[in-house]
>>> print(open('data_36.txt').read())   # compact mmCIF, C-alpha atoms
# COMPACT_ATOMS: atom_id res chain seq x y z
CA MET B 877 0.00 0.00 0.00
CA THR B 878 1.35 3.42 -0.92
CA PRO B 879 1.66 6.14 1.73
CA THR B 880 -1.16 8.06 0.03
CA ALA B 881 -3.40 5.01 -0.03
CA GLY B 882 -2.52 4.34 3.62
CA ARG B 883 -3.50 7.88 4.64
CA ALA B 884 -6.72 7.64 2.63
CA ALA B 885 -7.56 4.32 4.28
CA ALA B 886 -6.83 5.75 7.75
CA GLN B 887 -8.97 8.80 7.03
CA HIS B 888 -11.83 6.62 5.76
CA ARG B 889 -11.62 4.47 8.91
CA ARG B 890 -11.74 7.61 11.12
CA GLN B 891 -14.79 8.80 9.19
CA LEU B 892 -16.50 5.44 9.69
CA THR B 893 -15.64 5.48 13.40
CA VAL B 894 -17.12 8.98 13.74
CA ALA B 895 -20.23 7.83 11.86
CA VAL B 896 -20.66 4.90 14.28
CA LYS B 897 -20.28 7.19 17.30
CA GLU B 898 -22.79 9.66 15.85
CA ALA B 899 -25.23 6.83 15.13
CA LEU B 900 -24.89 5.63 18.73
CA ARG B 901 -25.58 9.15 20.01
CA ASP B 902 -28.66 9.34 17.77
CA LEU B 903 -29.77 5.92 19.03
CA ASN B 904 -29.29 7.04 22.62
CA ILE B 905 -31.49 10.08 22.01
CA GLN B 906 -34.23 8.05 20.32
CA LEU B 907 -34.19 5.40 23.05
CA ALA B 908 -34.36 8.10 25.74
CA LEU B 909 -37.40 9.61 24.00
CA LEU B 910 -38.97 6.16 23.61
CA ASN B 911 -38.35 5.37 27.28
CA ARG B 912 -39.87 8.69 28.37
CA ARG B 913 -43.01 8.11 26.30
CA PHE B 914 -43.14 4.47 27.35
CA GLY B 915 -42.80 5.52 30.99
CA GLY B 916 -45.66 7.95 30.56
CA ARG B 917 -47.89 5.13 29.33
CA VAL B 918 -47.14 2.80 32.26
CA ASP B 919 -46.58 5.56 34.84
CA LEU B 920 -42.88 4.88 35.40
CA LYS B 921 -40.14 7.47 35.65
CA ASP B 922 -37.04 6.76 33.55
CA VAL B 923 -35.03 5.66 36.58
CA ASP B 924 -37.95 3.53 37.84
CA TRP B 925 -38.08 1.75 34.48
CA THR B 926 -34.33 1.18 34.55
CA CYS B 927 -34.56 -0.41 38.00
CA LEU B 928 -37.60 -2.50 37.05
CA ASP B 929 -35.90 -3.71 33.88
CA LEU B 930 -32.81 -4.74 35.85
CA ILE B 931 -34.94 -6.61 38.39
CA ASN B 932 -36.87 -8.30 35.58
CA ARG B 933 -33.70 -9.30 33.72
CA HIS B 934 -31.34 -10.14 36.58
CA GLY B 935 -33.58 -10.67 39.59
CA PRO B 936 -34.33 -11.50 42.15
CA LEU B 937 -31.84 -8.95 43.49
CA SER B 938 -30.97 -7.45 46.81
CA PRO B 939 -31.33 -3.67 47.08
CA THR B 940 -27.54 -3.49 47.55
CA SER B 941 -26.95 -5.39 44.31
CA LEU B 942 -29.41 -3.16 42.47
CA ALA B 943 -27.73 -0.04 43.89
CA ARG B 944 -24.37 -1.31 42.61
CA ARG B 945 -25.78 -2.02 39.14
CA THR B 946 -27.44 1.40 38.87
CA GLY B 947 -24.91 3.51 40.73
CA LEU B 948 -27.77 5.02 42.73
CA HIS B 949 -27.43 6.11 46.34
CA PRO B 950 -29.32 3.74 48.67
CA ALA B 951 -31.61 6.55 49.89
CA THR B 952 -32.56 7.40 46.30
CA LEU B 953 -33.09 3.74 45.55
CA THR B 954 -35.41 3.37 48.53
CA GLY B 955 -37.76 5.99 47.08
CA ILE B 956 -37.71 4.27 43.69
CA LEU B 957 -38.43 0.87 45.24
CA ASP B 958 -41.26 2.38 47.29
CA ARG B 959 -42.86 3.70 44.08
CA LEU B 960 -42.38 0.40 42.23
CA GLN B 961 -43.84 -1.60 45.13
CA LYS B 962 -46.78 0.77 45.62
CA ALA B 963 -47.61 0.52 41.89
CA GLY B 964 -47.45 -3.29 42.04
CA TRP B 965 -44.37 -3.69 39.82
CA ILE B 966 -42.18 -5.38 42.43
CA ALA B 967 -42.37 -7.20 45.74
CA ARG B 968 -39.92 -6.90 48.61
CA GLU B 969 -39.52 -10.26 50.27
CA ARG B 970 -37.78 -11.06 53.53
CA ASP B 971 -35.91 -14.33 53.94
CA PRO B 972 -37.06 -15.77 57.29
CA GLU B 973 -34.13 -18.20 57.36
CA SER B 974 -31.44 -15.54 57.10
CA ASP B 975 -31.07 -12.07 58.55
CA ARG B 976 -34.67 -10.86 58.86
CA ARG B 977 -33.56 -7.42 57.70
CA ALA B 978 -32.35 -8.86 54.38
CA VAL B 979 -34.69 -8.09 51.51
CA THR B 980 -34.96 -9.59 48.05
CA LEU B 981 -36.56 -7.69 45.19
CA ARG B 982 -38.73 -9.65 42.79
CA ALA B 983 -40.55 -8.36 39.75
CA ALA B 984 -44.29 -8.89 39.60
CA ARG B 985 -44.10 -10.95 36.41
CA GLY B 986 -47.86 -10.83 35.96
CA ARG B 987 -47.54 -7.15 35.06
CA ASN B 988 -44.99 -7.76 32.30
CA SER B 989 -47.75 -8.13 29.70
CA GLU B 990 -48.45 -4.40 30.17
CA LEU B 991 -44.82 -3.64 29.38
CA PHE B 992 -44.78 -5.94 26.34
CA GLN B 993 -47.98 -4.40 25.00
CA VAL B 994 -46.65 -0.85 25.18
CA LEU B 995 -43.33 -1.88 23.63
CA SER B 996 -44.87 -4.11 20.95
CA GLY B 997 -44.36 -1.55 18.18
CA MET B 998 -40.64 -1.30 18.89
CA ASN B 999 -40.30 -5.06 19.22
CA THR B 1000 -42.03 -5.59 15.87
CA ARG B 1001 -39.82 -2.99 14.20
CA MET B 1002 -36.69 -4.58 15.66
CA ASP B 1003 -37.79 -8.03 14.43
CA GLU B 1004 -38.33 -6.58 10.93
CA LEU B 1005 -34.95 -4.86 11.03
CA CYS B 1006 -33.14 -8.02 12.15
CA GLU B 1007 -34.73 -9.98 9.27
CA ARG B 1008 -32.61 -7.88 6.88
CA TYR B 1009 -29.35 -9.29 8.27
CA SER B 1010 -27.71 -12.68 7.97
CA GLU B 1011 -26.97 -14.73 11.08
CA ALA B 1012 -23.29 -13.82 10.78
CA GLU B 1013 -24.14 -10.13 10.58
CA LEU B 1014 -26.46 -10.41 13.59
CA GLU B 1015 -23.63 -12.05 15.55
CA VAL B 1016 -21.35 -9.11 14.71
CA ILE B 1017 -24.05 -6.57 15.61
CA ALA B 1018 -24.81 -8.32 18.92
CA ASP B 1019 -21.09 -8.46 19.72
CA PHE B 1020 -20.68 -4.78 18.91
CA LEU B 1021 -23.66 -3.82 21.07
CA ARG B 1022 -22.43 -5.95 24.01
CA ARG B 1023 -18.99 -4.38 23.75
CA SER B 1024 -20.54 -0.91 23.47
CA GLY B 1025 -22.56 -1.64 26.61
CA ALA B 1026 -19.40 -2.76 28.40
CA ALA B 1027 -17.59 0.41 27.30
CA GLY B 1028 -20.51 2.47 28.62
CA HIS B 1029 -20.45 0.58 31.91
CA GLU B 1030 -16.70 1.08 32.30
CA SER B 1031 -17.04 4.78 31.48
CA ALA B 1032 -19.86 5.19 34.02
CA GLU B 1033 -17.73 3.46 36.67
CA GLU B 1034 -14.83 5.75 35.82
CA LEU B 1035 -17.04 8.84 36.24
CA ALA B 1036 -18.37 7.49 39.55
CA GLU B 1037 -14.82 7.37 40.92
CA ASP B 1038 -14.30 11.12 40.45
>>> encode(input="data_36.txt", output="structure tokens")
Amino acid sequence: MTPTAGRAAAQHRRQLTVAVKEALRDLNIQLALLNRRFGGRVDLKDVDWTCLDLINRHGPLSPTSLARRTGLHPATLTGILDRLQKAGWIARERDPESDRRAVTLRAARGRNSELFQVLSGMNTRMDELCERYSEAELEVIADFLRRSGAAGHESAEELAED
């Protein structure tokens, strides 16, 4: 490869990298707007939805584990959990065989149909979008998104240390 071709290739790669970052920023904005409108339909604040989604996906969880995953202060988390419990989205359960103060958070799975119904349009659109890609391409996309999520997590942890 000639030096000129090498510079052109490097510049093209930088442009593609910038395009990916811009697309991720656009995606972040659109997902934030979707989450806000979704939350309005099911009466969940953005942070409440985040906590509920984590409990649904990774639960049952202890409040301490949820606080670590979200980076929320325990006092803030208590208010969120109070709202979620009052609205019937979660249950706080005590383990009678261990420390009676220990609490486990469980999602009220019976309410998930409400979530699925409100998000059905997005799920349908995502299914249609994924149909356009081969299995190999979907593997690359999933890998990229997992790695992007990990980069976001690491960056959030880094900011929490400051």
>>> atom_distance(input="data_36.txt", atom1="CA of Leu920 (chain B)", atom2="CA of Thr980 (chain B)")
20.8 Å
>>> residues_around(input="data_36.txt", residues="Ala908 (chain B)", least_positions_apart="3", cutoff="12 Å", atoms="all atoms listed in the file", output="list in words")
Arg901, Asp902, Leu903, Asn904, Ile905, Asn911, Arg912, Arg913, Phe914, Gly915, Lys921, Asp922, Val923, Trp925 and Thr926 of chain B
>>> atom_distance(input="data_36.txt", atom1="CA of Asp924 (chain B)", atom2="CA of Leu957 (chain B)")
7.9 Å
>>> residues_around(input="data_36.txt", residues="Pro939 (chain B)", least_positions_apart="4", cutoff="8 Å", atoms="only C-alpha atoms", output="list in words")
Ala943, Pro950, Leu953, Val979, Thr980 and Leu981 of chain B
>>> closest_residue(input="data_36.txt", among="B:Arg1008, B:Ser1031, B:Lys962, B:Gln993", to="Val918 (chain B)", atoms="all atoms listed in the file")
B:Gln993
>>> closest_residue(input="data_36.txt", among="B:Val994, B:Leu900, B:Gln891, B:Arg985", to="Arg933 (chain B)", atoms="only C-alpha atoms")
B:Arg985
>>> residues_around(input="data_36.txt", residues="Pro936 (chain B)", least_positions_apart="6", cutoff="12 Å", atoms="all atoms listed in the file", output="PyMOL selection string")
chain B and resi 927-930+942+966-970+979-985
>>> atom_distance(input="data_36.txt", atom1="CA of Ala895 (chain B)", atom2="CA of Glu1015 (chain B)")
20.5 Å
>>> closest_residue(input="data_36.txt", among="B:Ile1017, B:Ala1012, B:Met1002, B:Leu991", to="Arg917 (chain B)", atoms="only C-alpha atoms")
B:Leu991
>>> decode(input="data_36.txt", residues="region 907-929 of chain B", atoms="N, CA, C and O atoms", output="PDB file, in the first residue's frame")
ATOM      1  N   LEU B 907     -33.791   6.319  21.977  1.00  0.00           N
ATOM      2  CA  LEU B 907     -34.193   5.396  23.051  1.00  0.00           C
ATOM      3  C   LEU B 907     -34.613   6.157  24.304  1.00  0.00           C
ATOM      4  O   LEU B 907     -35.542   5.741  24.999  1.00  0.00           O
ATOM      5  N   ALA B 908     -33.954   7.276  24.590  1.00  0.00           N
ATOM      6  CA  ALA B 908     -34.361   8.097  25.738  1.00  0.00           C
ATOM      7  C   ALA B 908     -35.767   8.640  25.526  1.00  0.00           C
ATOM      8  O   ALA B 908     -36.596   8.626  26.444  1.00  0.00           O
ATOM      9  N   LEU B 909     -36.048   9.111  24.301  1.00  0.00           N
ATOM     10  CA  LEU B 909     -37.396   9.608  23.998  1.00  0.00           C
ATOM     11  C   LEU B 909     -38.427   8.485  24.078  1.00  0.00           C
ATOM     12  O   LEU B 909     -39.522   8.664  24.623  1.00  0.00           O
ATOM     13  N   LEU B 910     -38.079   7.318  23.528  1.00  0.00           N
ATOM     14  CA  LEU B 910     -38.974   6.163  23.606  1.00  0.00           C
ATOM     15  C   LEU B 910     -39.236   5.798  25.059  1.00  0.00           C
ATOM     16  O   LEU B 910     -40.383   5.581  25.459  1.00  0.00           O
ATOM     17  N   ASN B 911     -38.192   5.731  25.862  1.00  0.00           N
ATOM     18  CA  ASN B 911     -38.353   5.371  27.275  1.00  0.00           C
ATOM     19  C   ASN B 911     -39.217   6.380  28.015  1.00  0.00           C
ATOM     20  O   ASN B 911     -40.029   6.007  28.864  1.00  0.00           O
ATOM     21  N   ARG B 912     -39.061   7.664  27.711  1.00  0.00           N
ATOM     22  CA  ARG B 912     -39.868   8.690  28.365  1.00  0.00           C
ATOM     23  C   ARG B 912     -41.343   8.522  28.000  1.00  0.00           C
ATOM     24  O   ARG B 912     -42.218   8.553  28.862  1.00  0.00           O
ATOM     25  N   ARG B 913     -41.617   8.287  26.729  1.00  0.00           N
ATOM     26  CA  ARG B 913     -43.013   8.110  26.300  1.00  0.00           C
ATOM     27  C   ARG B 913     -43.574   6.792  26.824  1.00  0.00           C
ATOM     28  O   ARG B 913     -44.724   6.719  27.244  1.00  0.00           O
ATOM     29  N   PHE B 914     -42.756   5.756  26.790  1.00  0.00           N
ATOM     30  CA  PHE B 914     -43.140   4.467  27.352  1.00  0.00           C
ATOM     31  C   PHE B 914     -43.477   4.629  28.832  1.00  0.00           C
ATOM     32  O   PHE B 914     -44.515   4.166  29.302  1.00  0.00           O
ATOM     33  N   GLY B 915     -42.580   5.306  29.557  1.00  0.00           N
ATOM     34  CA  GLY B 915     -42.799   5.517  30.989  1.00  0.00           C
ATOM     35  C   GLY B 915     -44.087   6.268  31.272  1.00  0.00           C
ATOM     36  O   GLY B 915     -44.783   5.981  32.252  1.00  0.00           O
ATOM     37  N   GLY B 916     -44.408   7.214  30.397  1.00  0.00           N
ATOM     38  CA  GLY B 916     -45.664   7.953  30.560  1.00  0.00           C
ATOM     39  C   GLY B 916     -46.879   7.046  30.413  1.00  0.00           C
ATOM     40  O   GLY B 916     -47.893   7.233  31.098  1.00  0.00           O
ATOM     41  N   ARG B 917     -46.776   6.058  29.545  1.00  0.00           N
ATOM     42  CA  ARG B 917     -47.894   5.129  29.333  1.00  0.00           C
ATOM     43  C   ARG B 917     -48.110   4.182  30.512  1.00  0.00           C
ATOM     44  O   ARG B 917     -49.229   3.781  30.788  1.00  0.00           O
ATOM     45  N   VAL B 918     -47.020   3.772  31.158  1.00  0.00           N
ATOM     46  CA  VAL B 918     -47.137   2.801  32.258  1.00  0.00           C
ATOM     47  C   VAL B 918     -46.862   3.451  33.612  1.00  0.00           C
ATOM     48  O   VAL B 918     -46.736   2.765  34.619  1.00  0.00           O
ATOM     49  N   ASP B 919     -46.785   4.786  33.624  1.00  0.00           N
ATOM     50  CA  ASP B 919     -46.583   5.565  34.842  1.00  0.00           C
ATOM     51  C   ASP B 919     -45.305   5.175  35.575  1.00  0.00           C
ATOM     52  O   ASP B 919     -45.327   4.885  36.772  1.00  0.00           O
ATOM     53  N   LEU B 920     -44.197   5.149  34.823  1.00  0.00           N
ATOM     54  CA  LEU B 920     -42.879   4.878  35.400  1.00  0.00           C
ATOM     55  C   LEU B 920     -41.915   5.994  34.994  1.00  0.00           C
ATOM     56  O   LEU B 920     -41.842   6.343  33.816  1.00  0.00           O
ATOM     57  N   LYS B 921     -41.202   6.527  35.962  1.00  0.00           N
ATOM     58  CA  LYS B 921     -40.138   7.473  35.649  1.00  0.00           C
ATOM     59  C   LYS B 921     -39.009   6.693  34.975  1.00  0.00           C
ATOM     60  O   LYS B 921     -38.906   5.481  35.135  1.00  0.00           O
ATOM     61  N   ASP B 922     -38.147   7.421  34.248  1.00  0.00           N
ATOM     62  CA  ASP B 922     -37.038   6.762  33.553  1.00  0.00           C
ATOM     63  C   ASP B 922     -36.222   5.880  34.491  1.00  0.00           C
ATOM     64  O   ASP B 922     -35.926   4.730  34.175  1.00  0.00           O
ATOM     65  N   VAL B 923     -35.863   6.417  35.645  1.00  0.00           N
ATOM     66  CA  VAL B 923     -35.032   5.663  36.581  1.00  0.00           C
ATOM     67  C   VAL B 923     -35.809   4.484  37.179  1.00  0.00           C
ATOM     68  O   VAL B 923     -35.234   3.426  37.440  1.00  0.00           O
ATOM     69  N   ASP B 924     -37.121   4.643  37.351  1.00  0.00           N
ATOM     70  CA  ASP B 924     -37.946   3.529  37.840  1.00  0.00           C
ATOM     71  C   ASP B 924     -37.937   2.388  36.823  1.00  0.00           C
ATOM     72  O   ASP B 924     -37.800   1.213  37.178  1.00  0.00           O
ATOM     73  N   TRP B 925     -38.081   2.753  35.551  1.00  0.00           N
ATOM     74  CA  TRP B 925     -38.078   1.748  34.480  1.00  0.00           C
ATOM     75  C   TRP B 925     -36.735   1.045  34.422  1.00  0.00           C
ATOM     76  O   TRP B 925     -36.667  -0.170  34.268  1.00  0.00           O
ATOM     77  N   THR B 926     -35.654   1.794  34.561  1.00  0.00           N
ATOM     78  CA  THR B 926     -34.326   1.180  34.552  1.00  0.00           C
ATOM     79  C   THR B 926     -34.213   0.144  35.667  1.00  0.00           C
ATOM     80  O   THR B 926     -33.756  -0.987  35.435  1.00  0.00           O
ATOM     81  N   CYS B 927     -34.626   0.520  36.862  1.00  0.00           N
ATOM     82  CA  CYS B 927     -34.556  -0.414  38.001  1.00  0.00           C
ATOM     83  C   CYS B 927     -35.463  -1.620  37.781  1.00  0.00           C
ATOM     84  O   CYS B 927     -35.044  -2.758  38.030  1.00  0.00           O
ATOM     85  N   LEU B 928     -36.672  -1.392  37.304  1.00  0.00           N
ATOM     86  CA  LEU B 928     -37.596  -2.501  37.050  1.00  0.00           C
ATOM     87  C   LEU B 928     -37.036  -3.438  35.984  1.00  0.00           C
ATOM     88  O   LEU B 928     -37.090  -4.669  36.134  1.00  0.00           O
ATOM     89  N   ASP B 929     -36.473  -2.883  34.941  1.00  0.00           N
ATOM     90  CA  ASP B 929     -35.902  -3.712  33.877  1.00  0.00           C
ATOM     91  C   ASP B 929     -34.744  -4.558  34.418  1.00  0.00           C
ATOM     92  O   ASP B 929     -34.629  -5.743  34.089  1.00  0.00           O
TER      93      ASP B 929
END
